[in-house]
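J.: Next up is a structure, given as structure tokens.
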Amino acid sequence: MALHLPSQRLSACLLIFFSFMMIRADGSRKLYIAYLGDKKHDDHTLVTASHHEMLSTILGSKEEAIDSVAYSYKHGFSGFAAMLTEDQAEKLAELPEVISVTPNQKHELMTTRSWDFLGLNYQQPSELLQRSNYGEDIIIGIIDTGIWPESRSFSDHGYGVIPPRWKGVCQLGQAWGSTNCSRKIIGARYYAAGLDKANLKLNYMSARDMNGHGTHTASTAAGSVVEGVSLHGLGEGVARGGAPRARLAVYKVGWEEENGVYLATAAVLAAMDDAIHDGVDILSLSLVADDDSFGALHAVQNGITVVYAGGNGGPRSQVLFNTAPWVITVAASKIDRSFPTTITLGNKQTLIGQSLYYMFKNESNSRFHTLVNGGNCSREALNGTNIKGKIVLCIEMTFGPIVQIFKDAFANVHSGGASGLILALYTTDVLASTEQCQGIPCVLIDIHIGFQVLTYIGSQRSPIAKIEPTSSVTGQQVLAPKVALFSSRGPSIKYPTILKPDIAAPGVNILAATKDAYVFNSGTSMATPHVAGVVALIKALHPQWSHAALKSAIVTSASTKDEHGTPILAEALPRKVADPFDYGGGNINPNAAADPGLIYDIDPREYNKFFECQIKKYEICNITTKPAYHLNLPSISIPELRHPTKVERTVTNVGTVDTVYRSDIQSPLGVKIRVEPATLAFNATKKVHTFKVSIKPLWKVQGDYTFGSLTWYNEQHTVRIPIAVRITIQDFYADVA
């Protein structure tokens, strides 16, 4: 049963918070994170006491040590976050029991149709939904900006008692009482240390979500069923999470600031430590926080599946975040839904763009307005052009941050009193932003259509156009899935011997809850809870499976072809056939993942053999001994292939007892791969097989990455792992990805 923190505890929390504001204000101290590895005591009070004792040797007194500590990490691992001067941090780092001391860092935050697209239709439930009972009683921890508990997506109607294994709390706070936790939201905590006093007015000092991001991700992962949801008629359908009967535990680490969101490493680590204690099954983190990798490792070693957003830095390569081998790193893909918006020119030519433009019932029908060319719609381009009451065509030919390009163009035309915006871009993956256009139509078109509109303007003395409200189209006429343009691409910089991302999931124009409404959002932030929801279903079906087994099932069963049987594409410059650095194993396939046939399992203690976690300053888990591609991962990445190399993999049969699997090898270009043995026979006594993969370079060249795969198959199953190899002859990569 959820516990409630009394008002005295709340007052104490606020006093501690304000004391940190005072310490921070003097400018001499800042928050540092000390990591001490595995905890030395089972009693968490003894762990915390050891932290105070250690700090007192640096600060001079136990009282000052206690006052300096923002968070004590005491459940899953040992460490703390404390306000220190630089000299004090350096002295602390010199103590033999301290593995690392790093400064606290600020990080970034990274559905009515998407679950149907993935084969999890609620009205015609798949076998996975039925057999898993919709993820009932799996506990998903959401580390984000909090939650809006009154949303219909978090109704606990029909829920049974809270699982007795739950040890968490319902932390009271501003606009959050004991009734805000429920049989759906079974726990809530918040972590505010380090937040500037000036930003207090922008936030609820509680788990209540001011931003909306956390509510959106929580409802995507595990929202209850809500009928008839739409955005003013767009995207209408049944809103629900992937595991609508799962429970939610909320850990608020993101706070509103004047210029964005304050999200600190120290808080994320504290949330992970508490989640280990509380008993969550899955952690979903739609944020960039690479520095807490050791926190995620301890969570995994305590039986928790950790799912992370890969980042929104695409289509550039080498911009992935959260790439440790013990987490699931998620890319974003597009679903089979489109929002066509008709533009009619004065010569009766009709062109189709994309938008979320809607009209309220009391508004008049669309009508023609004067159409003008605004260039790229910068202030300089619009200077001297009368755009009041007119529709403005903007053509942006350069590559850049698409959200900012849209915001700037809209701000400039809106300030000039324009009646509409037609923006030609290299992508329409910023569609959700068009809903924020404050009553005027904003339509995204591609460059080709943009030049058609421009040609029309140049041919007319008085060019006019009108924009019709958007409609929704779903189904196979919309080519999907595709990897989203913004989705960060591999390879991993920190761990190039680990193939990342692991999987792609829907993350474009996802309709989910925010406060009391439902809105569209895009990002790997939206893709991550899709994976968390699928993991919840599979975990409910296979409660004994490890984190590695769950990850393997998702990766090896993923789709690499679209609904028409052609290879999945990746939005890029130009658009291309997707490869493992775009989507890992492929696009998530929940029903296939529930019955994968074979799994690549890992004892979580194995990670310690390949990653020396004696962390150096500002670094995390440096690779030692063997390269990490010797881990039993459902992928192979060899960034420096100069000589024939052999790796081993072990698979466990979780399908039909008596069966034979045969191998199919797709060797990367310039590489020869052999598998020994080429056939695996399983029976009641032989459930596990180890095989060797020999990888040989055919060229002597300073090459780029090429891709292939190894597939084990029988009559019922296809178990595929992606392979990435780069042939090298020298220790430089300036001319390769």
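Chains: A, B, ... in order of the structure tokens. Residues: from 1 per chain. Ligands: from 1, in order shown.
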Based on the backbone DSSP call, show me all residues of region 368-557 of chain A assigned helix (DSSP H, G or I), as a PyMOL selection string.

T.: chain A and resi 379-382+402-415+431-436+447-459+524-541+547-556

J.: Find the residues around Asp137 (chain A) up to 12 Å (only C-alpha atoms counted), leave out those fewer than 3 positions away in its own chain, and share them as a ChimeraX atom specification.

T.: /A:132-134,140,159-166,183-186,222,243-249,279-282,536-537,539-541,543

J.: Convert the current residue selection to file output with N, CA and C atoms, as a tab-separated table (two decimals), in the first residue's frame.

T.:
chain	number	residue	atom	x	y	z
A	132	SER	N	-1.54	-11.18	-21.40
A	132	SER	CA	-0.84	-10.37	-20.39
A	132	SER	C	-1.81	-9.61	-19.51
A	133	ASN	N	-3.13	-9.75	-19.80
A	133	ASN	CA	-4.16	-8.99	-19.09
A	133	ASN	C	-3.84	-7.51	-19.10
A	134	TYR	N	-3.40	-7.04	-20.25
A	134	TYR	CA	-3.14	-5.61	-20.48
A	134	TYR	C	-2.06	-5.05	-19.55
A	140	ILE	N	5.34	0.56	-13.65
A	140	ILE	CA	6.22	1.35	-14.51
A	140	ILE	C	6.57	2.64	-13.79
A	159	TYR	N	-9.71	-1.09	-10.86
A	159	TYR	CA	-8.41	-1.63	-10.42
A	159	TYR	C	-8.56	-2.30	-9.05
A	160	GLY	N	-7.77	-3.36	-8.88
A	160	GLY	CA	-7.73	-4.03	-7.59
A	160	GLY	C	-6.78	-3.35	-6.63
A	161	VAL	N	-6.49	-4.03	-5.54
A	161	VAL	CA	-5.60	-3.45	-4.52
A	161	VAL	C	-4.20	-3.29	-5.10
A	162	ILE	N	-3.46	-2.36	-4.50
A	162	ILE	CA	-2.08	-2.13	-4.92
A	162	ILE	C	-1.25	-3.37	-4.61
A	163	PRO	N	-0.38	-3.81	-5.55
A	163	PRO	CA	0.43	-5.01	-5.29
A	163	PRO	C	1.18	-4.90	-3.96
A	164	PRO	N	1.12	-5.92	-3.13
A	164	PRO	CA	1.76	-5.85	-1.81
A	164	PRO	C	3.27	-5.69	-1.85
A	165	ARG	N	3.91	-5.98	-2.99
A	165	ARG	CA	5.36	-5.82	-3.09
A	165	ARG	C	5.76	-4.35	-3.19
A	166	TRP	N	4.80	-3.45	-3.40
A	166	TRP	CA	5.10	-2.03	-3.54
A	166	TRP	C	5.52	-1.44	-2.19
A	183	ARG	N	-5.10	3.79	-7.03
A	183	ARG	CA	-4.73	2.43	-7.42
A	183	ARG	C	-4.08	2.41	-8.80
A	184	LYS	N	-4.10	3.54	-9.51
A	184	LYS	CA	-3.39	3.68	-10.79
A	184	LYS	C	-2.04	4.35	-10.56
A	185	ILE	N	-2.05	5.56	-10.01
A	185	ILE	CA	-0.81	6.25	-9.64
A	185	ILE	C	-0.50	5.83	-8.21
A	186	ILE	N	0.30	4.80	-8.04
A	186	ILE	CA	0.47	4.20	-6.71
A	186	ILE	C	1.59	4.86	-5.91
A	222	ALA	N	1.19	3.73	-20.04
A	222	ALA	CA	0.26	2.95	-19.22
A	222	ALA	C	-1.07	3.65	-18.97
A	243	ALA	N	0.27	-0.60	-22.00
A	243	ALA	CA	-0.11	-1.52	-20.93
A	243	ALA	C	-1.14	-0.81	-20.06
A	244	PRO	N	-2.40	-0.72	-20.50
A	244	PRO	CA	-3.38	0.13	-19.81
A	244	PRO	C	-3.76	-0.33	-18.41
A	245	ARG	N	-3.39	-1.55	-18.04
A	245	ARG	CA	-3.69	-2.02	-16.68
A	245	ARG	C	-2.45	-2.00	-15.78
A	246	ALA	N	-1.37	-1.48	-16.28
A	246	ALA	CA	-0.16	-1.36	-15.45
A	246	ALA	C	-0.34	-0.24	-14.44
A	247	ARG	N	0.46	-0.28	-13.37
A	247	ARG	CA	0.45	0.77	-12.35
A	247	ARG	C	1.58	1.76	-12.66
A	248	LEU	N	1.42	2.98	-12.14
A	248	LEU	CA	2.40	4.03	-12.38
A	248	LEU	C	3.01	4.53	-11.08
A	249	ALA	N	4.33	4.68	-11.10
A	249	ALA	CA	5.06	5.33	-10.01
A	249	ALA	C	5.76	6.53	-10.61
A	279	GLY	N	10.32	-0.83	-5.67
A	279	GLY	CA	9.86	-2.07	-6.29
A	279	GLY	C	9.27	-1.92	-7.67
A	280	VAL	N	9.74	-0.92	-8.45
A	280	VAL	CA	9.24	-0.81	-9.82
A	280	VAL	C	9.81	-1.94	-10.67
A	281	ASP	N	9.10	-2.26	-11.74
A	281	ASP	CA	9.56	-3.29	-12.68
A	281	ASP	C	10.29	-2.69	-13.88
A	282	ILE	N	9.87	-1.49	-14.28
A	282	ILE	CA	10.39	-0.84	-15.48
A	282	ILE	C	10.60	0.63	-15.17
A	536	ALA	N	6.21	-3.92	-20.49
A	536	ALA	CA	5.27	-4.27	-19.42
A	536	ALA	C	4.38	-5.44	-19.81
A	537	LEU	N	3.90	-5.45	-21.05
A	537	LEU	CA	3.06	-6.55	-21.52
A	537	LEU	C	3.84	-7.86	-21.53
A	539	LYS	N	6.58	-8.58	-19.88
A	539	LYS	CA	6.96	-8.97	-18.51
A	539	LYS	C	5.78	-9.60	-17.77
A	540	ALA	N	4.58	-9.11	-18.01
A	540	ALA	CA	3.40	-9.72	-17.40
A	540	ALA	C	3.19	-11.14	-17.92
A	541	LEU	N	3.53	-11.35	-19.20
A	541	LEU	CA	3.39	-12.66	-19.82
A	541	LEU	C	4.51	-13.61	-19.40
A	543	PRO	N	6.98	-13.32	-16.49
A	543	PRO	CA	7.52	-12.62	-15.31
A	543	PRO	C	8.92	-13.07	-14.91

J.: Quick one: pick out all strand (DSSP E) residues within region 193-438 of chain A from a backbone DSSP run and write them as a PyMOL selection string.

T.: chain A and resi 226-231+234-239+247-252+254-257+260-263+282-285+305-309+328-334+337-338+340-345+350-354+369-373+391-395+420-425

J.: Pick out the residues sitting within 8 Å of region 570-578 of chain A, and hand them over as a list in words; count only C-alpha atoms, and ignore anything fewer than 2 positions along from it in its own chain.

T.: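 Selected residues are Pro315, Lys482, Val483, Ala484, Leu485, Pro567, Ile568, Pro580, Phe581, Asp582 and Tyr583 of chain A.
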
J.: Export, as a PDB file, in the first residue's frame, the selected residues with N, CA and C atoms.

T.:
ATOM      1  N   PRO A 315      19.200  14.198 -38.403  1.00  0.00           N
ATOM      2  CA  PRO A 315      19.690  12.908 -38.889  1.00  0.00           C
ATOM      3  C   PRO A 315      21.208  12.755 -38.832  1.00  0.00           C
ATOM      4  N   LYS A 482       8.571   4.754 -40.823  1.00  0.00           N
ATOM      5  CA  LYS A 482       9.808   5.376 -41.276  1.00  0.00           C
ATOM      6  C   LYS A 482      10.502   5.961 -40.061  1.00  0.00           C
ATOM      7  N   VAL A 483      11.832   5.959 -40.086  1.00  0.00           N
ATOM      8  CA  VAL A 483      12.577   6.576 -38.989  1.00  0.00           C
ATOM      9  C   VAL A 483      12.444   8.094 -39.118  1.00  0.00           C
ATOM     10  N   ALA A 484      12.117   8.748 -38.018  1.00  0.00           N
ATOM     11  CA  ALA A 484      11.900  10.189 -38.021  1.00  0.00           C
ATOM     12  C   ALA A 484      13.202  10.935 -38.282  1.00  0.00           C
ATOM     13  N   LEU A 485      13.091  12.070 -38.937  1.00  0.00           N
ATOM     14  CA  LEU A 485      14.269  12.868 -39.272  1.00  0.00           C
ATOM     15  C   LEU A 485      15.062  13.259 -38.031  1.00  0.00           C
ATOM     16  N   PRO A 567      11.831  -2.383 -47.641  1.00  0.00           N
ATOM     17  CA  PRO A 567      12.675  -1.977 -46.511  1.00  0.00           C
ATOM     18  C   PRO A 567      12.218  -0.650 -45.901  1.00  0.00           C
ATOM     19  N   ILE A 568      12.260  -0.580 -44.578  1.00  0.00           N
ATOM     20  CA  ILE A 568      11.906   0.650 -43.874  1.00  0.00           C
ATOM     21  C   ILE A 568      12.868   1.760 -44.281  1.00  0.00           C
ATOM     22  N   PRO A 580      21.052  -0.221 -39.139  1.00  0.00           N
ATOM     23  CA  PRO A 580      21.033  -0.377 -37.685  1.00  0.00           C
ATOM     24  C   PRO A 580      21.377   0.865 -36.887  1.00  0.00           C
ATOM     25  N   PHE A 581      22.126   1.802 -37.438  1.00  0.00           N
ATOM     26  CA  PHE A 581      22.400   3.035 -36.706  1.00  0.00           C
ATOM     27  C   PHE A 581      21.190   3.971 -36.697  1.00  0.00           C
ATOM     28  N   ASP A 582      20.204   3.678 -37.531  1.00  0.00           N
ATOM     29  CA  ASP A 582      18.950   4.428 -37.510  1.00  0.00           C
ATOM     30  C   ASP A 582      17.953   3.823 -36.536  1.00  0.00           C
ATOM     31  N   TYR A 583      17.846   2.480 -36.534  1.00  0.00           N
ATOM     32  CA  TYR A 583      16.758   1.848 -35.774  1.00  0.00           C
ATOM     33  C   TYR A 583      17.176   0.589 -35.009  1.00  0.00           C
TER      34      TYR A 583
END

J.: Which residue is closest to Lys197 (chain A)? Choose from A:Glu257, A:Asp209, A:Glu94, A:Asp704 and count only C-alpha atoms.

T.: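 Of A:Glu257, A:Asp209, A:Glu94, A:Asp704, the one nearest Lys197 (chain A), counting only C-alpha atoms, is A:Glu257.
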
J.: For the atom pair CA of Val651 (chain A) and CA of Thr690 (chain A), what is the interatomic distance in Å to one decimal place?

T.: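 It comes out at 6.5 Å.
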
J.: Please determine, counting only C-alpha atoms, which residue among A:Gln354, A:Gln404, A:Gln666, A:Thr718 has the shortest atom-to-atom distance to Val555 (chain A).

T.: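 Of A:Gln354, A:Gln404, A:Gln666, A:Thr718, the one nearest Val555 (chain A) is A:Thr718, counting only C-alpha atoms.
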
J.: Point out the residue among A:Lys334, A:Lys30, A:His717, A:Arg605 with the least atom-to-atom distance to Thr428 (chain A), counting only C-alpha atoms.

T.: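 Closest to Thr428 (chain A), using only C-alpha atoms: A:Lys334.
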
J.: Compile the contact shell of Ile695 (chain A) as a list in words: residues with an atom at most 7 Å away, counting only C-alpha atoms, same-chain residues fewer than 6 positions apart removed.

T.: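 Final neighbour list, sorted by chain and number: Pro644, Thr645, Lys646, Val671, Lys672, Ile673 and Arg674 of chain A.
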
J.: Generate a file of the selected residues that holds N, CA and C atoms, formatted as a PDB file, in the first residue's frame.

T.:
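Saved the output as selection-v6.pdb:
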ATOM      1  N   PRO A 644      40.966 -11.164 -38.768  1.00  0.00           N
ATOM      2  CA  PRO A 644      39.828 -12.045 -38.476  1.00  0.00           C
ATOM      3  C   PRO A 644      39.528 -12.060 -36.977  1.00  0.00           C
ATOM      4  N   THR A 645      38.277 -11.922 -36.657  1.00  0.00           N
ATOM      5  CA  THR A 645      37.842 -11.825 -35.259  1.00  0.00           C
ATOM      6  C   THR A 645      36.726 -12.822 -35.012  1.00  0.00           C
ATOM      7  N   LYS A 646      36.749 -13.438 -33.828  1.00  0.00           N
ATOM      8  CA  LYS A 646      35.692 -14.364 -33.449  1.00  0.00           C
ATOM      9  C   LYS A 646      34.981 -13.865 -32.198  1.00  0.00           C
ATOM     10  N   VAL A 671      33.112  -7.790 -45.952  1.00  0.00           N
ATOM     11  CA  VAL A 671      33.329  -8.656 -44.784  1.00  0.00           C
ATOM     12  C   VAL A 671      32.759 -10.041 -45.078  1.00  0.00           C
ATOM     13  N   LYS A 672      33.451 -11.073 -44.597  1.00  0.00           N
ATOM     14  CA  LYS A 672      32.972 -12.444 -44.711  1.00  0.00           C
ATOM     15  C   LYS A 672      32.641 -12.958 -43.319  1.00  0.00           C
ATOM     16  N   ILE A 673      31.405 -13.434 -43.130  1.00  0.00           N
ATOM     17  CA  ILE A 673      30.977 -13.951 -41.831  1.00  0.00           C
ATOM     18  C   ILE A 673      30.621 -15.431 -41.965  1.00  0.00           C
ATOM     19  N   ARG A 674      31.108 -16.216 -41.008  1.00  0.00           N
ATOM     20  CA  ARG A 674      30.742 -17.632 -40.903  1.00  0.00           C
ATOM     21  C   ARG A 674      30.237 -17.907 -39.500  1.00  0.00           C
TER      22      ARG A 674
END

J.: Could you pull the residues within 8 Å of Gly597 (chain A), counting only C-alpha atoms, minus those fewer than 4 positions along the same chain, as a list of chain:residue names?

T.: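 Skipping anything fewer than 4 positions along the chain leaves A:Asn653, A:Val654, A:Gly655, A:Thr656, A:Gln716, A:His717, A:Thr718, A:Val719.
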
J.: Find the residue from A:Tyr629, A:Phe339, A:Tyr191, A:Tyr204 that sits nearest to Thr497 (chain A); use only C-alpha atoms when measuring.

T.: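 Smallest distance to Thr497 (chain A) is found for A:Tyr629.
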
J.: Sort by chain and increasing residue number a table of all residues of region 433-481 of chain A within 12 Å of region 512-533 of chain A, each with its closest pair of atoms and their distance in Å to one decimal, counting only C-alpha atoms, and write it as JSON lines.

T.:
{"residue": "A:Ser433", "atom": "CA", "partner": "A:Asn521", "partner_atom": "CA", "distance": 8.3}
{"residue": "A:Thr434", "atom": "CA", "partner": "A:Phe520", "partner_atom": "CA", "distance": 10.1}
{"residue": "A:Glu435", "atom": "CA", "partner": "A:Phe520", "partner_atom": "CA", "distance": 8.3}
{"residue": "A:Gln436", "atom": "CA", "partner": "A:Val519", "partner_atom": "CA", "distance": 10.5}

J.: Write a file of the selected residues as a short mmCIF file (atom, residue, chain, number, x, y, z; two decimals), in the first residue's frame, keeping N, CA, C and O atoms.

T.:
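This went into part21.cif:
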data_model
loop_
_atom_site.label_atom_id
_atom_site.label_comp_id
_atom_site.auth_asym_id
_atom_site.auth_seq_id
_atom_site.Cartn_x
_atom_site.Cartn_y
_atom_site.Cartn_z
N SER A 433 4.04 21.32 -34.02
CA SER A 433 4.17 22.75 -33.74
C SER A 433 3.08 23.57 -34.42
O SER A 433 2.76 24.68 -33.97
N THR A 434 2.48 23.06 -35.48
CA THR A 434 1.48 23.85 -36.20
C THR A 434 0.20 24.03 -35.39
O THR A 434 -0.61 24.90 -35.71
N GLU A 435 0.01 23.22 -34.34
CA GLU A 435 -1.17 23.36 -33.51
C GLU A 435 -1.08 24.60 -32.64
O GLU A 435 -2.09 25.06 -32.08
N GLN A 436 0.13 25.16 -32.51
CA GLN A 436 0.35 26.32 -31.65
C GLN A 436 0.24 27.65 -32.39
O GLN A 436 0.74 28.66 -31.92
#

J.: For Glu97 (chain A), which of A:Leu195, A:Ala592, A:Met205, A:Ala34 is the closest residue, counting only C-alpha atoms?

T.: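 Ranked by minimum distance to Glu97 (chain A), first place goes to A:Ala34.
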
J.: Quick one: distance from CA of Ala324 (chain A) to CA of Ser293 (chain A) in Å, one decimal?

T.: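 One can read the CA of Ala324 (chain A) to CA of Ser293 (chain A) distance as 6.6 Å.
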
J.: Between A:Pro604, A:Gly241, A:Gly37, A:Gly295, which has the minimum distance to His547 (chain A) (counting only C-alpha atoms)?

T.: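 Of A:Pro604, A:Gly241, A:Gly37, A:Gly295, the one nearest His547 (chain A) is A:Pro604, counting only C-alpha atoms.
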
J.: Quick one: residues within 8 Å of Pro149 (chain A), only C-alpha atoms counted, chain neighbours fewer than 6 positions away excluded, as a PyMOL selection string?

T.: chain A and resi 180-181+185+208

J.: Which polymer residues have any atom within 6 Å of an atom of region 74-90 of chain A, counting only C-alpha atoms, with same-chain residues fewer than 3 positions away left out, as a list in words?

T.: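 Once the nearby chain positions are removed, what remains is Ser28, Arg29, Lys30, Leu31, Tyr32, Ile33, Ala34, Tyr35, Leu36, Gly37, Asp38, Lys39, His44, Val47, Ser68, Val69, Ala70, Tyr71, Ala93, Asp273, Ile276, His277 and His298 of chain A.
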
J.: Can you write out the residues you just picked, keeping N, CA and C atoms, as a short mmCIF file (atom, residue, chain, number, x, y, z; two decimals), in the first residue's frame?

T.:
data_model
loop_
_atom_site.label_atom_id
_atom_site.label_comp_id
_atom_site.auth_asym_id
_atom_site.auth_seq_id
_atom_site.Cartn_x
_atom_site.Cartn_y
_atom_site.Cartn_z
N SER A 28 29.96 30.13 -3.94
CA SER A 28 31.21 29.42 -3.69
C SER A 28 31.04 27.91 -3.77
N ARG A 29 29.82 27.43 -3.72
CA ARG A 29 29.58 26.00 -3.73
C ARG A 29 28.63 25.64 -4.87
N LYS A 30 28.75 24.40 -5.30
CA LYS A 30 27.78 23.86 -6.24
C LYS A 30 27.62 22.37 -5.97
N LEU A 31 26.63 21.78 -6.63
CA LEU A 31 26.29 20.39 -6.35
C LEU A 31 27.26 19.44 -7.06
N TYR A 32 27.83 18.53 -6.29
CA TYR A 32 28.70 17.47 -6.82
C TYR A 32 28.10 16.11 -6.48
N ILE A 33 28.37 15.13 -7.36
CA ILE A 33 27.87 13.77 -7.16
C ILE A 33 29.06 12.85 -6.86
N ALA A 34 29.00 12.20 -5.72
CA ALA A 34 30.03 11.22 -5.34
C ALA A 34 29.45 9.82 -5.50
N TYR A 35 30.15 8.98 -6.23
CA TYR A 35 29.72 7.60 -6.45
C TYR A 35 30.69 6.67 -5.74
N LEU A 36 30.13 5.77 -4.90
CA LEU A 36 30.96 4.89 -4.06
C LEU A 36 30.79 3.42 -4.42
N GLY A 37 30.03 3.11 -5.48
CA GLY A 37 29.86 1.72 -5.90
C GLY A 37 28.74 1.02 -5.15
N ASP A 38 28.90 -0.29 -4.93
CA ASP A 38 27.88 -1.07 -4.21
C ASP A 38 27.78 -0.60 -2.77
N LYS A 39 26.56 -0.63 -2.23
CA LYS A 39 26.39 -0.23 -0.83
C LYS A 39 26.98 -1.31 0.08
N HIS A 44 19.64 1.05 5.21
CA HIS A 44 19.92 2.30 4.49
C HIS A 44 20.33 3.43 5.43
N VAL A 47 24.00 3.30 5.65
CA VAL A 47 24.63 3.81 4.42
C VAL A 47 24.68 5.33 4.47
N SER A 68 24.97 19.75 4.01
CA SER A 68 25.45 19.88 2.62
C SER A 68 24.83 18.85 1.69
N VAL A 69 24.25 17.76 2.23
CA VAL A 69 23.79 16.64 1.40
C VAL A 69 22.41 16.93 0.80
N ALA A 70 22.33 16.90 -0.52
CA ALA A 70 21.05 17.05 -1.21
C ALA A 70 20.34 15.71 -1.32
N TYR A 71 21.07 14.69 -1.73
CA TYR A 71 20.52 13.35 -1.88
C TYR A 71 21.54 12.34 -1.37
N ALA A 93 37.41 13.44 -3.79
CA ALA A 93 37.77 12.51 -4.85
C ALA A 93 39.03 11.72 -4.53
N ASP A 273 17.54 5.51 -7.42
CA ASP A 273 17.82 4.84 -6.14
C ASP A 273 16.52 4.55 -5.40
N ILE A 276 14.52 1.70 -7.09
CA ILE A 276 15.03 0.36 -6.73
C ILE A 276 14.41 -0.08 -5.40
N HIS A 277 14.38 0.84 -4.44
CA HIS A 277 13.78 0.53 -3.14
C HIS A 277 12.28 0.28 -3.25
N HIS A 298 22.94 -0.29 -11.75
CA HIS A 298 22.47 -0.84 -10.47
C HIS A 298 20.98 -1.18 -10.54
#

J.: Quick one, how far is CA of Leu569 (chain A) from CA of Ala480 (chain A)?

T.: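 Going from CA of Leu569 (chain A) over to CA of Ala480 (chain A) covers 8.4 Å.
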
J.: Once you count only C-alpha atoms, what closest atom pair and distance in Å to one decimal does each residue of region 435-501 of chain A within 6 Å of region 417-424 of chain A have, with rows by chain and rising residue number, as a tab-separated table?

T.:
residue	atom	partner	partner_atom	distance
A:Ile440	CA	A:Gly420	CA	5.4
A:Pro441	CA	A:Gly420	CA	5.0
A:Cys442	CA	A:Leu421	CA	4.7
A:Val443	CA	A:Ile422	CA	4.9
A:Leu444	CA	A:Leu423	CA	5.0
A:Ile445	CA	A:Ala424	CA	4.7
A:Asp446	CA	A:Ala424	CA	5.1
A:Ile447	CA	A:Ala424	CA	5.2
A:Gly450	CA	A:Ala424	CA	5.2
